[in-house]
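The next block is work-v2.csv, given as CSV, C-alpha atoms.
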chain,number,residue,atom,x,y,z
A,924,GLN,CA,15.2,-59.8,-17.0
A,925,VAL,CA,16.8,-61.0,-13.7
A,926,GLN,CA,14.8,-61.3,-10.6
A,927,LEU,CA,16.5,-60.4,-7.3
A,928,VAL,CA,15.6,-61.5,-3.9
A,929,GLU,CA,17.6,-60.2,-0.9
A,930,SER,CA,17.3,-61.8,2.5
A,931,GLY,CA,19.1,-62.1,5.9
A,932,GLY,CA,18.5,-58.7,7.3
A,933,GLY,CA,17.3,-58.0,10.8
A,934,LEU,CA,17.8,-56.1,14.0
A,935,VAL,CA,21.2,-56.4,15.7
A,936,GLU,CA,23.2,-54.6,18.4
A,937,ALA,CA,26.2,-52.6,17.5
A,938,GLY,CA,29.2,-54.9,17.1
A,939,GLY,CA,27.1,-57.7,15.9
A,940,SER,CA,27.1,-59.6,12.6
A,941,LEU,CA,24.7,-60.5,9.8
A,942,THR,CA,25.0,-62.3,6.6
A,943,LEU,CA,22.9,-61.2,3.7
A,944,SER,CA,22.0,-63.3,0.7
A,945,CYS,CA,21.0,-62.3,-2.8
A,946,THR,CA,19.4,-65.0,-4.9
A,947,THR,CA,18.9,-64.4,-8.6
A,948,SER,CA,16.8,-66.0,-11.3
A,949,GLY,CA,15.6,-65.4,-14.8
A,950,ARG,CA,19.0,-64.7,-16.2
A,951,THR,CA,22.4,-66.3,-15.8
A,952,ILE,CA,24.6,-64.0,-13.9
A,953,SER,CA,27.7,-66.3,-13.5
A,954,ARG,CA,29.6,-64.1,-16.0
A,955,MET,CA,28.5,-60.8,-14.4
A,956,ALA,CA,29.8,-58.9,-11.5
A,957,MET,CA,27.6,-58.5,-8.5
A,958,GLY,CA,27.2,-55.5,-6.3
A,959,TRP,CA,25.6,-54.8,-2.9
A,960,PHE,CA,24.0,-51.4,-2.3
A,961,ARG,CA,22.3,-49.7,0.6
A,962,GLN,CA,19.9,-46.9,1.1
A,963,ALA,CA,19.6,-45.3,4.5
A,964,PRO,CA,16.6,-43.1,5.4
A,965,GLY,CA,16.7,-39.8,3.6
A,966,LYS,CA,19.8,-40.7,1.6
A,967,GLU,CA,20.5,-41.9,-1.9
A,968,ARG,CA,21.3,-45.5,-2.7
A,969,GLU,CA,25.1,-46.1,-2.6
A,970,VAL,CA,27.5,-48.9,-3.5
A,971,VAL,CA,28.6,-51.0,-0.6
A,972,ALA,CA,30.6,-53.7,-2.2
A,973,GLY,CA,31.2,-55.4,-5.5
A,974,ILE,CA,32.7,-58.7,-6.7
A,975,ASN,CA,33.7,-59.8,-10.2
A,976,TRP,CA,32.3,-62.8,-12.0
A,977,SER,CA,34.9,-65.3,-10.8
A,978,GLY,CA,35.1,-64.0,-7.2
A,979,GLY,CA,38.8,-63.1,-7.7
A,980,ARG,CA,38.3,-59.3,-7.4
A,981,SER,CA,36.3,-57.4,-4.8
A,982,TYR,CA,35.6,-53.8,-4.0
A,983,TYR,CA,34.5,-52.2,-0.7
A,984,ALA,CA,33.3,-48.7,0.1
A,985,ASP,CA,35.6,-47.1,2.6
A,986,SER,CA,32.9,-47.0,5.2
A,987,VAL,CA,32.7,-50.8,5.3
A,988,LYS,CA,36.2,-51.9,4.4
A,989,GLY,CA,37.7,-54.4,6.8
A,990,ARG,CA,34.2,-55.2,8.3
A,991,PHE,CA,32.2,-56.5,5.3
A,992,THR,CA,33.1,-59.4,3.0
A,993,ILE,CA,31.4,-60.1,-0.3
A,994,SER,CA,31.3,-63.5,-1.9
A,995,ARG,CA,29.3,-65.5,-4.4
A,996,ASP,CA,28.3,-69.0,-5.4
A,997,ASN,CA,27.8,-69.1,-9.1
A,998,ALA,CA,26.4,-72.6,-9.0
A,999,LYS,CA,23.6,-71.3,-6.9
A,1000,ASN,CA,23.2,-67.9,-8.6
A,1001,THR,CA,23.7,-66.4,-5.2
A,1002,ALA,CA,25.8,-63.6,-3.7
A,1003,PHE,CA,26.5,-62.9,0.0
A,1004,LEU,CA,27.5,-60.0,2.2
A,1005,GLN,CA,29.0,-61.0,5.5
A,1006,MET,CA,28.8,-58.0,7.8
A,1007,ASN,CA,30.8,-57.9,11.0
A,1008,SER,CA,31.3,-55.2,13.6
A,1009,LEU,CA,28.1,-53.5,12.6
A,1010,LYS,CA,27.6,-49.9,13.5
A,1011,PRO,CA,24.4,-47.8,13.8
A,1012,GLU,CA,25.4,-46.0,10.6
A,1013,ASP,CA,25.1,-49.3,8.7
A,1014,THR,CA,21.3,-49.1,9.3
A,1015,ALA,CA,19.7,-49.2,5.8
A,1016,VAL,CA,17.8,-51.3,3.3
A,1017,TYR,CA,20.3,-53.4,1.5
A,1018,TYR,CA,20.0,-54.4,-2.2
A,1019,CYS,CA,21.9,-56.3,-4.8
A,1020,ASN,CA,22.2,-56.0,-8.6
A,1021,PRO,CA,24.4,-57.6,-11.3
A,1022,ASP,CA,26.5,-55.5,-13.6
A,1023,PRO,CA,28.5,-56.4,-16.7
A,1024,LEU,CA,31.4,-54.2,-15.6
A,1025,PHE,CA,33.1,-54.8,-12.2
A,1026,ASP,CA,35.1,-51.6,-12.4
A,1027,LYS,CA,31.9,-49.6,-12.3
A,1028,PHE,CA,31.4,-50.3,-8.6
A,1029,THR,CA,34.7,-48.6,-7.8
A,1030,THR,CA,33.6,-45.2,-9.2
A,1031,MET,CA,29.8,-45.2,-9.1
A,1032,THR,CA,28.3,-42.2,-7.3
A,1033,PRO,CA,24.8,-42.5,-5.8
A,1034,ALA,CA,23.4,-40.5,-8.7
A,1035,GLU,CA,24.9,-43.0,-11.2
A,1036,VAL,CA,23.4,-45.9,-9.2
A,1037,SER,CA,20.0,-44.4,-9.8
A,1038,ARG,CA,20.6,-44.0,-13.5
A,1039,ARG,CA,22.3,-47.3,-14.1
A,1040,TYR,CA,19.9,-49.8,-12.7
A,1041,THR,CA,16.2,-49.9,-13.7
A,1042,ALA,CA,15.1,-52.8,-11.6
A,1043,TRP,CA,15.6,-53.7,-8.0
A,1044,GLY,CA,14.6,-56.4,-5.6
A,1045,GLN,CA,12.6,-55.6,-2.4
A,1046,GLY,CA,15.7,-55.3,-0.4
A,1047,THR,CA,16.4,-56.5,3.1
A,1048,GLN,CA,16.3,-54.2,6.2
A,1049,VAL,CA,19.3,-54.0,8.4
A,1050,THR,CA,18.9,-52.1,11.7
A,1051,VAL,CA,21.8,-51.7,14.1
A,1052,SER,CA,21.0,-50.4,17.6
A,1053,SER,CA,23.5,-48.5,19.6

Structure translated into structure tokens:
Amino acid sequence: QVQLVESGGGLVEAGGSLTLSCTTSGRTISRMAMGWFRQAPGKEREVVAGINWSGGRSYYADSVKGRFTISRDNAKNTAFLQMNSLKPEDTAVYYCNPDPLFDKFTTMTPAEVSRRYTAWGQGTQVTVSS
């Protein structure tokens, strides 16, 4: 089973930037897609972004499109989420998870996120002040 460790969160003012990292171990994920998810207080966990195994395809939720960039370094079993122009509504705990199917990220509802993944890392808190 893969172990997931998210890091890089913090407190930032609106308009600021953060880069999140997701380090994996215990299983080779170089041939798997990687996704970033977030859960805001009182809300379900949702898909934020996804990237296919080679890095050649990416997906972004409409709410972050144009502001966030997902990338990966397969040699280091690590995925990244560059977040720019942060808004207070981006405040959430951010998580990552691998998936064998990249296209799932493009259609996955929050309810499906809960059903599809049985294990999560501890997440990293992102707080954006107004």

Nearest to A:Glu1035: which of A:Arg995, A:Lys1010, A:Arg968, A:Arg990 is it, counting all atoms listed in the file?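 Checking each of A:Arg995, A:Lys1010, A:Arg968, A:Arg990 against A:Glu1035, counting all atoms listed in the file, the winner is A:Arg968.
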
Atom CA of A:Gln924 and atom CA of A:Pro964 are how many Å apart? 28.0 Å

Distance table requested - stretch 991-1036 of chain A against stretch 925-937 of chain A, cut-off 8 Å, all atoms listed in the file: one row per qualifying residue with the closest atom pair and its distance in Å to one decimal, ordered by chain and rising residue number, as a Markdown table.
| residue | atom | partner | partner_atom | distance |
| --- | --- | --- | --- | --- |
| A:Ser1008 | CA | A:Ala937 | CA | 6.9 |
| A:Leu1009 | CA | A:Ala937 | CA | 5.3 |
| A:Lys1010 | CA | A:Ala937 | CA | 5.0 |
| A:Pro1011 | CA | A:Ala937 | CA | 6.3 |
| A:Tyr1017 | CA | A:Glu929 | CA | 7.7 |
| A:Tyr1018 | CA | A:Glu929 | CA | 6.4 |
| A:Cys1019 | CA | A:Glu929 | CA | 7.0 |
| A:Asn1020 | CA | A:Leu927 | CA | 7.3 |

Quick one, how far is atom CA of A:Thr946 from atom CA of A:Tyr1040?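 According to the coordinates, atom CA of A:Thr946 and atom CA of A:Tyr1040 are separated by 17.1 Å.
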
Determine, counting all atoms listed in the file, which protein, DNA and RNA residues have an atom within 7 Å of an atom of stretch 996-1004 of chain A; residues of the same chain fewer than 5 positions away are not included. Present the result as a list of chain:residue names. A:Thr942, A:Leu943, A:Ser944, A:Cys945, A:Thr946, A:Thr947, A:Ile952, A:Ser953, A:Phe991

Within 10 Å of A:Val1016, counting all atoms listed in the file, which residues qualify if same-chain residues fewer than 4 places away don't, as an mmCIF file with C-alpha atoms, in the frame of the given file?
data_model
loop_
_atom_site.group_PDB
_atom_site.id
_atom_site.type_symbol
_atom_site.label_atom_id
_atom_site.label_comp_id
_atom_site.auth_asym_id
_atom_site.auth_seq_id
_atom_site.Cartn_x
_atom_site.Cartn_y
_atom_site.Cartn_z
ATOM 1 C CA GLU A 929 17.600 -60.200 -0.900
ATOM 2 C CA GLY A 932 18.500 -58.700 7.300
ATOM 3 C CA PHE A 960 24.000 -51.400 -2.300
ATOM 4 C CA ARG A 961 22.300 -49.700 0.600
ATOM 5 C CA GLN A 962 19.900 -46.900 1.100
ATOM 6 C CA ALA A 963 19.600 -45.300 4.500
ATOM 7 C CA PRO A 964 16.600 -43.100 5.400
ATOM 8 C CA ARG A 968 21.300 -45.500 -2.700
ATOM 9 C CA GLN A 1045 12.600 -55.600 -2.400
ATOM 10 C CA GLY A 1046 15.700 -55.300 -0.400
ATOM 11 C CA THR A 1047 16.400 -56.500 3.100
ATOM 12 C CA GLN A 1048 16.300 -54.200 6.200
ATOM 13 C CA VAL A 1049 19.300 -54.000 8.400
ATOM 14 C CA THR A 1050 18.900 -52.100 11.700
#

List every protein, DNA or RNA residue that has an atom no more than 9 Å from (32.1, -55.7, -2.7) in the file's coordinate frame, counting all atoms listed in the file, and report them as a tab-separated table (two decimals) with C-alpha atoms, keeping the file's coordinate frame.
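In the end it all went to result_27.tsv:
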chain	number	residue	atom	x	y	z
A	957	MET	CA	27.60	-58.50	-8.50
A	958	GLY	CA	27.20	-55.50	-6.30
A	959	TRP	CA	25.60	-54.80	-2.90
A	970	VAL	CA	27.50	-48.90	-3.50
A	971	VAL	CA	28.60	-51.00	-0.60
A	972	ALA	CA	30.60	-53.70	-2.20
A	973	GLY	CA	31.20	-55.40	-5.50
A	974	ILE	CA	32.70	-58.70	-6.70
A	975	ASN	CA	33.70	-59.80	-10.20
A	980	ARG	CA	38.30	-59.30	-7.40
A	981	SER	CA	36.30	-57.40	-4.80
A	982	TYR	CA	35.60	-53.80	-4.00
A	983	TYR	CA	34.50	-52.20	-0.70
A	984	ALA	CA	33.30	-48.70	0.10
A	991	PHE	CA	32.20	-56.50	5.30
A	992	THR	CA	33.10	-59.40	3.00
A	993	ILE	CA	31.40	-60.10	-0.30
A	994	SER	CA	31.30	-63.50	-1.90
A	1004	LEU	CA	27.50	-60.00	2.20
A	1028	PHE	CA	31.40	-50.30	-8.60

Do a neighbour search on A:Pro1023 at 8 Å with only C-alpha atoms, toss out local chain neighbours closer than 3 positions, and write the hits as a count of residues only. 3

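Proximity to A:Lys966 was assessed for A:Thr1029, A:Met1006, A:Ala1034, A:Gly979 counting only C-alpha atoms; the smallest distance is recorded for A:Ala1034.
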
Report, in Å to a single decimal, how far apart atom CA of A:Ser948 and atom CA of A:Trp1043 are.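 Separating atom CA of A:Trp1043 from atom CA of A:Ser948 is a distance of 12.8 Å.
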
Add whatever atoms are absent from stretch 978-989 of chain A to reach N, CA and C atoms, and provide the output as an mmCIF file, in the frame of the given file.
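New file rebuild_19.cif:
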data_model
loop_
_atom_site.group_PDB
_atom_site.id
_atom_site.type_symbol
_atom_site.label_atom_id
_atom_site.label_comp_id
_atom_site.auth_asym_id
_atom_site.auth_seq_id
_atom_site.Cartn_x
_atom_site.Cartn_y
_atom_site.Cartn_z
ATOM 1 N N GLY A 978 34.874 -64.083 -8.656
ATOM 2 C CA GLY A 978 35.100 -64.000 -7.200
ATOM 3 C C GLY A 978 36.557 -63.567 -6.903
ATOM 4 N N GLY A 979 37.357 -63.362 -7.945
ATOM 5 C CA GLY A 979 38.800 -63.100 -7.700
ATOM 6 C C GLY A 979 39.068 -61.613 -7.403
ATOM 7 N N ARG A 980 38.128 -60.735 -7.656
ATOM 8 C CA ARG A 980 38.300 -59.300 -7.400
ATOM 9 C C ARG A 980 37.117 -58.815 -6.576
ATOM 10 N N SER A 981 37.399 -57.950 -5.608
ATOM 11 C CA SER A 981 36.300 -57.400 -4.800
ATOM 12 C C SER A 981 36.603 -55.903 -4.552
ATOM 13 N N TYR A 982 35.560 -55.205 -4.266
ATOM 14 C CA TYR A 982 35.600 -53.800 -4.000
ATOM 15 C C TYR A 982 34.757 -53.478 -2.759
ATOM 16 N N TYR A 983 35.241 -52.565 -1.906
ATOM 17 C CA TYR A 983 34.500 -52.200 -0.700
ATOM 18 C C TYR A 983 34.491 -50.651 -0.600
ATOM 19 N N ALA A 984 33.350 -50.102 -0.258
ATOM 20 C CA ALA A 984 33.300 -48.700 0.100
ATOM 21 C C ALA A 984 34.165 -48.483 1.338
ATOM 22 N N ASP A 985 34.766 -47.330 1.455
ATOM 23 C CA ASP A 985 35.600 -47.100 2.600
ATOM 24 C C ASP A 985 34.918 -47.262 3.921
ATOM 25 N N SER A 986 33.639 -46.958 3.957
ATOM 26 C CA SER A 986 32.900 -47.000 5.200
ATOM 27 C C SER A 986 32.710 -48.454 5.721
ATOM 28 N N VAL A 987 32.911 -49.450 4.867
ATOM 29 C CA VAL A 987 32.700 -50.800 5.300
ATOM 30 C C VAL A 987 33.962 -51.687 5.166
ATOM 31 N N LYS A 988 35.005 -51.106 4.622
ATOM 32 C CA LYS A 988 36.200 -51.900 4.400
ATOM 33 C C LYS A 988 36.773 -52.430 5.698
ATOM 34 N N GLY A 989 37.132 -53.705 5.664
ATOM 35 C CA GLY A 989 37.700 -54.400 6.800
ATOM 36 C C GLY A 989 36.574 -54.974 7.729
#
